[in-house]
Every structure is written in C-alpha cells, then in structure tokens.
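upload-v3.tsv, holding TSV, C-alpha atoms:
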```tsv
chain	number	residue	atom	x	y	z
L	2	GLY	CA	-112.16	109.90	-107.98
L	3	GLU	CA	-108.68	111.27	-108.29
L	4	GLN	CA	-107.31	111.57	-111.81
L	5	VAL	CA	-103.65	111.96	-112.60
L	6	GLU	CA	-102.46	113.18	-115.96
L	7	GLN	CA	-98.90	113.19	-117.27
L	8	LEU	CA	-97.35	115.04	-120.14
L	9	PRO	CA	-95.63	114.38	-122.38
L	10	SER	CA	-96.37	110.72	-123.02
L	11	SER	CA	-92.92	110.24	-124.47
L	12	LEU	CA	-89.57	112.00	-124.73
L	13	ILE	CA	-86.46	111.28	-126.74
L	14	VAL	CA	-83.36	113.26	-125.83
L	15	GLN	CA	-79.61	113.21	-126.35
L	16	GLU	CA	-77.43	112.16	-123.45
L	17	GLY	CA	-76.62	115.13	-121.23
L	18	ALA	CA	-79.84	116.99	-121.92
L	19	SER	CA	-82.32	117.99	-119.24
L	20	VAL	CA	-85.95	116.90	-119.31
L	21	LEU	CA	-89.14	118.04	-117.67
L	22	ILE	CA	-92.10	115.78	-116.95
L	23	ASN	CA	-95.37	117.39	-115.97
L	24	CYS	CA	-98.06	115.90	-113.81
L	25	SER	CA	-101.44	117.24	-112.76
L	26	TYR	CA	-104.07	115.86	-110.41
L	27	THR	CA	-107.68	116.70	-109.68
L	28	ASP	CA	-108.42	115.93	-106.04
L	29	SER	CA	-107.31	118.68	-103.67
L	30	ALA	CA	-107.33	116.10	-100.85
L	31	SER	CA	-104.25	114.39	-102.31
L	32	VAL	CA	-101.32	114.93	-100.00
L	33	TYR	CA	-98.52	112.62	-101.03
L	34	PHE	CA	-96.93	112.27	-104.44
L	35	PRO	CA	-94.35	109.55	-105.03
L	36	TRP	CA	-92.75	109.08	-108.41
L	37	TYR	CA	-91.63	105.78	-109.82
L	38	LYS	CA	-89.40	104.66	-112.65
L	39	GLN	CA	-89.95	101.45	-114.58
L	40	GLU	CA	-87.23	100.12	-116.85
L	41	PRO	CA	-88.29	97.62	-119.53
L	42	GLY	CA	-89.25	94.31	-117.97
L	43	LYS	CA	-88.45	95.49	-114.45
L	44	ARG	CA	-90.47	96.48	-111.40
L	45	LEU	CA	-91.50	100.00	-110.46
L	46	GLN	CA	-88.70	101.65	-108.56
L	47	PHE	CA	-89.34	104.54	-106.20
L	48	ILE	CA	-87.26	107.57	-107.16
L	49	ILE	CA	-88.54	110.63	-105.33
L	50	ASP	CA	-91.57	111.89	-103.45
L	51	ILE	CA	-93.04	115.09	-102.13
L	52	ARG	CA	-95.71	115.96	-99.61
L	53	SER	CA	-98.29	118.67	-99.94
L	54	ASN	CA	-96.63	120.84	-97.30
L	55	MET	CA	-93.52	121.17	-99.47
L	56	GLU	CA	-92.82	123.05	-102.68
L	57	ARG	CA	-89.57	121.53	-103.77
L	58	LYS	CA	-87.47	118.45	-103.25
L	59	GLN	CA	-84.13	117.60	-104.77
L	60	THR	CA	-82.03	114.45	-104.83
L	61	GLN	CA	-78.93	114.23	-107.00
L	62	ARG	CA	-80.09	114.88	-110.59
L	63	LEU	CA	-83.80	114.97	-109.76
L	64	THR	CA	-85.77	118.06	-108.75
L	65	LEU	CA	-89.46	117.77	-107.98
L	66	LEU	CA	-91.60	120.90	-107.81
L	67	PHE	CA	-95.09	121.02	-106.37
L	68	ASP	CA	-97.75	123.71	-106.76
L	69	LYS	CA	-100.71	123.07	-104.51
L	70	LYS	CA	-102.80	125.89	-105.97
L	71	THR	CA	-102.62	124.63	-109.53
L	72	LYS	CA	-102.48	120.95	-108.53
L	73	HIS	CA	-99.38	120.51	-110.59
L	74	LEU	CA	-96.04	118.78	-110.22
L	75	SER	CA	-93.00	118.77	-112.42
L	76	LEU	CA	-90.03	116.43	-112.35
L	77	HIS	CA	-86.80	117.84	-113.70
L	78	ILE	CA	-84.00	115.45	-114.60
L	79	THR	CA	-80.62	116.99	-115.40
L	80	ALA	CA	-77.61	115.53	-117.20
L	81	THR	CA	-79.56	112.57	-118.50
L	82	GLN	CA	-77.81	109.26	-119.10
L	83	PRO	CA	-78.83	106.21	-121.15
L	84	GLY	CA	-79.58	104.46	-117.85
L	85	ASP	CA	-82.34	107.00	-117.23
L	86	SER	CA	-84.30	105.48	-120.11
L	87	ALA	CA	-87.52	104.19	-118.57
L	88	ILE	CA	-91.16	105.00	-118.05
L	89	TYR	CA	-91.70	107.53	-115.29
L	90	PHE	CA	-94.92	107.45	-113.30
L	91	CYS	CA	-96.40	110.21	-111.20
L	92	SER	CA	-98.84	109.14	-108.50
L	93	ALA	CA	-101.06	110.78	-105.92
L	94	SER	CA	-102.33	109.54	-102.60
L	95	LEU	CA	-105.25	110.88	-100.59
L	96	ASN	CA	-105.00	111.47	-96.88
L	97	THR	CA	-107.54	108.80	-96.05
L	98	GLY	CA	-105.51	106.77	-93.62
L	99	TYR	CA	-105.09	103.76	-95.86
L	100	GLN	CA	-103.30	105.12	-98.81
L	101	ASN	CA	-104.24	104.21	-102.34
L	102	PHE	CA	-102.11	105.49	-105.13
L	103	TYR	CA	-103.61	106.91	-108.29
L	104	PHE	CA	-101.18	106.68	-111.16
L	105	GLY	CA	-100.66	108.64	-114.32
L	106	LYS	CA	-100.21	106.79	-117.61
L	107	GLY	CA	-96.49	107.36	-117.53
L	108	THR	CA	-93.90	109.24	-119.57
L	109	SER	CA	-91.56	107.15	-121.65
L	110	LEU	CA	-88.07	108.65	-121.64
L	111	THR	CA	-85.43	107.49	-124.11
L	112	VAL	CA	-81.91	108.87	-123.71
L	113	ILE	CA	-79.74	108.40	-126.78
L	114	PRO	CA	-75.99	107.99	-126.15
Q	29	GLY	CA	-83.56	98.38	-101.73
Q	30	PRO	CA	-86.28	96.13	-100.35
Q	31	LYS	CA	-87.67	93.65	-102.85
Q	32	VAL	CA	-91.19	92.36	-103.33
Q	33	LEU	CA	-91.42	89.07	-105.19
Q	34	GLN	CA	-94.30	87.80	-107.29
Q	35	ILE	CA	-95.02	84.28	-108.43
Q	36	PRO	CA	-95.66	83.35	-111.19
Q	37	SER	CA	-94.29	85.93	-113.60
Q	38	HIS	CA	-96.74	84.78	-116.29
Q	39	GLN	CA	-99.97	82.82	-116.21
Q	40	ILE	CA	-102.22	81.72	-119.05
Q	41	ILE	CA	-105.59	80.21	-118.18
Q	42	ASP	CA	-108.96	79.53	-119.74
Q	43	MET	CA	-111.88	81.78	-118.96
Q	44	GLY	CA	-113.87	80.52	-116.02
Q	45	GLN	CA	-110.94	78.90	-114.27
Q	46	MET	CA	-109.58	80.01	-110.94
Q	47	VAL	CA	-106.20	81.69	-110.63
Q	48	THR	CA	-104.11	82.61	-107.59
Q	49	LEU	CA	-101.41	85.25	-107.83
Q	50	ASN	CA	-98.79	85.15	-105.13
Q	51	CYS	CA	-96.86	87.97	-103.58
Q	52	ASP	CA	-93.96	87.76	-101.16
Q	53	PRO	CA	-93.84	91.23	-99.57
Q	54	VAL	CA	-90.93	92.91	-97.83
Q	55	SER	CA	-90.44	90.98	-94.60
Q	56	ASN	CA	-91.23	93.66	-92.01
Q	57	HIS	CA	-93.96	95.41	-93.98
Q	58	LEU	CA	-97.47	95.51	-92.64
Q	59	TYR	CA	-99.57	96.92	-95.48
Q	60	PHE	CA	-100.16	95.16	-98.76
Q	61	TYR	CA	-101.67	96.24	-102.03
Q	62	TRP	CA	-102.71	94.93	-105.42
Q	63	TYR	CA	-102.82	97.02	-108.59
Q	64	LYS	CA	-103.99	96.12	-112.09
Q	65	GLN	CA	-102.53	97.44	-115.32
Q	66	ILE	CA	-104.16	96.65	-118.64
Q	67	LEU	CA	-101.77	96.91	-121.60
Q	68	GLY	CA	-101.32	100.52	-122.64
Q	69	GLN	CA	-103.28	101.91	-119.73
Q	70	GLN	CA	-102.34	103.29	-116.36
Q	71	MET	CA	-101.97	101.22	-113.26
Q	72	GLU	CA	-105.11	101.18	-111.12
Q	73	PHE	CA	-105.58	100.43	-107.46
Q	74	LEU	CA	-107.49	97.27	-106.57
Q	75	VAL	CA	-107.25	96.69	-102.85
Q	76	ASN	CA	-105.21	97.26	-99.72
Q	77	PHE	CA	-104.88	94.84	-96.84
Q	78	TYR	CA	-103.75	95.15	-93.24
Q	79	ASN	CA	-103.88	92.94	-90.21
Q	80	GLY	CA	-105.74	90.22	-92.05
Q	81	LYS	CA	-108.42	92.50	-93.40
Q	82	VAL	CA	-109.30	94.38	-96.54
Q	83	MET	CA	-109.13	98.06	-95.64
Q	84	GLU	CA	-110.18	99.59	-98.91
Q	85	LYS	CA	-111.05	98.34	-102.35
Q	86	SER	CA	-111.85	99.98	-105.65
Q	87	LYS	CA	-114.72	99.31	-108.02
Q	88	LEU	CA	-112.32	97.14	-110.04
Q	89	PHE	CA	-112.16	94.69	-107.15
Q	90	LYS	CA	-115.07	92.57	-108.28
Q	91	ASP	CA	-116.89	89.97	-106.22
Q	92	GLN	CA	-114.86	87.31	-108.00
Q	93	PHE	CA	-111.69	88.71	-106.40
Q	94	SER	CA	-110.42	87.84	-102.96
Q	95	VAL	CA	-107.22	88.44	-101.02
Q	96	GLU	CA	-105.64	86.84	-98.02
Q	97	ARG	CA	-102.36	86.32	-96.26
Q	98	PRO	CA	-102.66	83.16	-94.20
Q	99	ASP	CA	-100.15	82.93	-91.33
Q	100	GLY	CA	-97.76	85.49	-92.72
Q	101	SER	CA	-97.10	83.55	-95.88
Q	102	TYR	CA	-97.76	84.83	-99.38
Q	103	PHE	CA	-100.20	87.67	-99.86
Q	104	THR	CA	-102.50	86.25	-102.52
Q	105	LEU	CA	-105.00	87.56	-105.04
Q	106	LYS	CA	-107.49	84.95	-106.13
Q	107	ILE	CA	-109.83	85.38	-109.07
Q	108	GLN	CA	-112.65	82.87	-109.32
Q	109	PRO	CA	-114.00	82.60	-111.94
Q	110	THR	CA	-111.78	84.51	-114.34
Q	111	ALA	CA	-113.14	86.59	-117.22
Q	112	LEU	CA	-111.51	87.82	-120.42
Q	113	GLU	CA	-111.30	91.36	-119.05
Q	114	ASP	CA	-109.13	90.12	-116.18
Q	115	SER	CA	-106.20	89.86	-118.58
Q	116	ALA	CA	-103.66	92.37	-117.31
Q	117	VAL	CA	-100.46	92.74	-115.34
Q	118	TYR	CA	-101.10	92.55	-111.61
Q	119	PHE	CA	-98.65	94.33	-109.35
Q	120	CYS	CA	-98.28	93.66	-105.67
Q	121	ALA	CA	-96.85	96.29	-103.34
Q	122	SER	CA	-96.10	96.55	-99.66
Q	123	SER	CA	-95.30	99.32	-97.21
Q	124	LEU	CA	-94.15	99.51	-93.63
Q	125	GLY	CA	-96.56	102.21	-92.58
Q	126	GLN	CA	-99.82	103.44	-93.96
Q	127	ASN	CA	-99.98	107.13	-94.48
Q	128	GLN	CA	-97.52	108.68	-96.88
Q	129	ASP	CA	-95.16	105.78	-96.71
Q	130	THR	CA	-93.21	104.45	-99.66
Q	131	GLN	CA	-94.73	101.47	-101.39
Q	132	TYR	CA	-92.36	98.90	-102.84
Q	133	PHE	CA	-93.57	97.09	-105.92
Q	134	GLY	CA	-93.11	93.60	-107.22
Q	135	PRO	CA	-92.25	92.91	-110.87
Q	136	GLY	CA	-95.82	91.98	-111.73
Q	137	THR	CA	-97.64	88.87	-112.88
Q	138	ARG	CA	-98.82	88.89	-116.47
Q	139	LEU	CA	-102.19	87.17	-116.59
Q	140	LEU	CA	-103.76	86.15	-119.88
Q	141	VAL	CA	-107.30	84.77	-119.83
Q	142	LEU	CA	-108.29	82.96	-123.02
```
Translate the structure of the given file into structure tokens.
Amino acid sequence: GEQVEQLPSSLIVQEGASVLINCSYTDSASVYFPWYKQEPGKRLQFIIDIRSNMERKQTQRLTLLFDKKTKHLSLHITATQPGDSAIYFCSASLNTGYQNFYFGKGTSLTVIP
Amino acid sequence: GPKVLQIPSHQIIDMGQMVTLNCDPVSNHLYFYWYKQILGQQMEFLVNFYNGKVMEKSKLFKDQFSVERPDGSYFTLKIQPTALEDSAVYFCASSLGQNQDTQYFGPGTRLLVL
C-alpha cells in the first residue's frame, strides 16, 4: 500500500526563521495531499492541501510544492512564530472514490521565542 | 472551523471486555472515518463509512471491530473483545464529500487495554 515518509522528524528554530518539511510517497495513484497540524493535546487541524494537477499552493505563510515525477512534496513555513509549534503531518489519498488517508509519522516543529 | 467531538477522551478497560468509542461528526457531513495511532507511530486508516455501510476497511480493522451510526446519532467504533494491541489513540473524522474533500478530525480517544 501507499507509504508516506516525512523528514525531518523534528525541527527546532528561532522565531522568525523559515522551515522546510519534506514528504515523499510511493503510490503514483495518490492524487490528493492534505497537511495537518497537531498542537499538544489538541486535534488534527487542516492547514493546506494540494491536488496532483497542481505544482504549488500558497496561503499566508505556508507554501506547498508538489512534484509528481519524484513523488515529493515540501511545505515551507516562513516567519515562524511560537504558535506554529506543533507536529505537522503530510498525508496522501488515492483516487479510489472513497478516500483513505495515508499519513506520515509527522514532523515536530518547536519555535523558540 | 467545523468540530468533530469524541467521547470519552480516555478509556481504560481490561482485556477481553467490550468498548464503544463515540464520535459526533460535523452535522452536515456524510462520510465518516476511524483512524488508529499507536504511541510513537503514524496514524493509520481503519475504516470509512457512508450511508449506513462500510465502504472500505484496512487490514487493521479486525473481525472484532464494528462501526455503525444508528439513526444519525453517534458514529461508533465497537471493539469486542478487546486485546492488548488495541491500546492506541483512535481518531474519528468526517467529510462532506468523498473524493478529495477535507476531513475534519476529532481530538481522539485514548484507549488503554490492560
């Protein structure tokens, strides 16, 4: 089945820095890639998504890049704030009609004030 | 944004007992999901549910697992009987549509089987 890998597993940065989270997947049939953020003790919160017919999507301080050939995504977060501290999950969904998400193990981001 | 609720937040039971995890999905959503996350591991898909039926399930969805949503009430995951390896956090999610539609997650139920 689909396998999703994320790197790095953890990041610690100073407030204001930019970070890059990489995600790769294995199944070329995956077509939809939502990302979620999970703050300690809280639920997964949808932050951004991209579909396989796109290469780039940007919302506020988030930029998500998608390379279909290499099966790779990267999430760029600029001007990080302490409130960005959370675990970030990449996920992939196949185009099977009833979508199941395959999740990466997450990247733990800590932003130091 | 839309909120999915899960009850209880924590549950401790003895191996072999039955447990029911409850999910209150977003009110107008039609598709419902359960995921399992063992401590330190990634979240894994268990099952999705639509129109009163299981649409797809993974190999983790053992015969001891069942789901239902009677009369539009809670979407439930029942495990009977429980095993030690069922200890995990179980996340419920719901979505309005099926294909490439955002899933909204609940806060999870932490299940510990002793």
Close residues, stretch 59-72 of chain L itself excluded, 7 Å, only C-alpha atoms, min 4 positions apart in chain, as a list in words =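 So the residues in contact are Ser25, Tyr26, Thr27, Ser53, Leu76, His77, Ile78 and Thr79 of chain L.
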Could you give me, as a tab-separated table, a per-residue list for chain L showing, wherever an atom lies at most 10 Å from an atom of chain Q, the closest pair of atoms and their distance in Å to one decimal, using all atoms listed in the file and sorting by chain then residue number from low to high?
```
residue	atom	partner	partner_atom	distance
L:Val5	CA	Q:Gln70	CA	9.5
L:Glu6	CA	Q:Gln70	CA	9.9
L:Val32	CA	Q:Gln128	CA	8.0
L:Tyr33	CA	Q:Gln128	CA	5.8
L:Phe34	CA	Q:Gln128	CA	8.4
L:Pro35	CA	Q:Thr130	CA	7.5
L:Trp36	CA	Q:Thr130	CA	9.9
L:Tyr37	CA	Q:Phe133	CA	9.7
L:Gln39	CA	Q:Pro135	CA	9.6
L:Gly42	CA	Q:Pro135	CA	7.8
L:Lys43	CA	Q:Pro135	CA	5.8
L:Arg44	CA	Q:Pro135	CA	4.0
L:Leu45	CA	Q:Phe133	CA	5.8
L:Gln46	CA	Q:Phe133	CA	7.2
L:Phe47	CA	Q:Tyr132	CA	7.2
L:Ile49	CA	Q:Thr130	CA	9.6
L:Asp50	CA	Q:Thr130	CA	8.5
L:Ile51	CA	Q:Gln128	CA	9.4
L:Arg52	CA	Q:Gln128	CA	8.0
L:Phe90	CA	Q:Gln70	CA	9.0
L:Ser92	CA	Q:Met71	CA	9.8
L:Ala93	CA	Q:Gln128	CA	9.9
L:Ser94	CA	Q:Gln128	CA	7.5
L:Leu95	CA	Q:Gln128	CA	8.9
L:Asn96	CA	Q:Asn127	CA	7.1
L:Thr97	CA	Q:Asn127	CA	7.9
L:Gly98	CA	Q:Asn127	CA	5.6
L:Tyr99	CA	Q:Gln126	CA	5.6
L:Gln100	CA	Q:Asn127	CA	5.8
L:Asn101	CA	Q:Phe73	CA	6.5
L:Phe102	CA	Q:Phe73	CA	6.6
L:Tyr103	CA	Q:Glu72	CA	6.6
L:Phe104	CA	Q:Met71	CA	5.9
L:Gly105	CA	Q:Gln70	CA	6.0
L:Lys106	CA	Q:Gln70	CA	4.3
L:Gly107	CA	Q:Gln70	CA	7.2
```
I'd like the neighbourhood of Q:Thr48 as a tab-separated table (two decimals) with C-alpha atoms, in the coordinates of the input, where a residue qualifies if any of its atoms comes within 10 Å (using only C-alpha atoms), though same-chain residues fewer than 4 positions away should be ignored.
```
chain	number	residue	atom	x	y	z
Q	35	ILE	CA	-95.02	84.28	-108.43
Q	36	PRO	CA	-95.66	83.35	-111.19
Q	39	GLN	CA	-99.97	82.82	-116.21
Q	93	PHE	CA	-111.69	88.71	-106.40
Q	94	SER	CA	-110.42	87.84	-102.96
Q	95	VAL	CA	-107.22	88.44	-101.02
Q	104	THR	CA	-102.50	86.25	-102.52
Q	105	LEU	CA	-105.00	87.56	-105.04
Q	106	LYS	CA	-107.49	84.95	-106.13
Q	107	ILE	CA	-109.83	85.38	-109.07
Q	108	GLN	CA	-112.65	82.87	-109.32
```
What separates atom CA of L:Val14 and atom CA of L:Val112 is a distance of 5.1 Å
Correct to one decimal, the distance atom CA of L:Ser10-atom CA of L:Asp28 is 21.5 Å
Do you have the atom CA of L:Ala80-atom CA of L:Ala18 distance handy?
->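 Interatomic distance here is 5.4 Å.
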Find the spatial neighbours of Q:Thr137, counting all atoms listed in the file, within a cut-off of 6 Å - ignore same-chain residues fewer than 4 positions away - and output them as an mmCIF file with C-alpha atoms, in the frame of the given file.
```cif
data_model
loop_
_atom_site.group_PDB
_atom_site.id
_atom_site.type_symbol
_atom_site.label_atom_id
_atom_site.label_comp_id
_atom_site.auth_asym_id
_atom_site.auth_seq_id
_atom_site.Cartn_x
_atom_site.Cartn_y
_atom_site.Cartn_z
ATOM 1 C CA SER Q 37 -94.290 85.930 -113.600
ATOM 2 C CA HIS Q 38 -96.740 84.780 -116.290
ATOM 3 C CA VAL Q 117 -100.460 92.740 -115.340
ATOM 4 C CA TYR Q 118 -101.100 92.550 -111.610
#
```
Nearest to Q:Leu124 among Q:Val82, Q:Leu112, Q:Leu142, Q:Leu58, with distances taken over all atoms listed in the file: which residue is it?
->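 Of Q:Val82, Q:Leu112, Q:Leu142, Q:Leu58, the one nearest Q:Leu124 is Q:Leu58, counting all atoms listed in the file.
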Tell me which of Q:Ile66, Q:Val141, Q:Ile41, Q:Lys87 sits closest to Q:Ala111, counting all atoms listed in the file.
->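 Checking each candidate against Q:Ala111, we get Q:Val141 as the closest.
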To test the calculation: enclose all listed atoms of stretch 92-96 of chain L in a box whose edges run along x, y and z, add 4 Å on each side, then state centre and edge lengths in Å to one decimal, as AutoDock Vina command-line options.
```
--center_x -102.0 --center_y 110.3 --center_z -102.7 --size_x 14.4 --size_y 10.3 --size_z 19.6
```
Using all atoms listed in the file, give me every residue within 9 Å of (-91.8, 107.3, -127.7) in file coordinates, as a ChimeraX atom specification.
-> /L:10-13,108-111
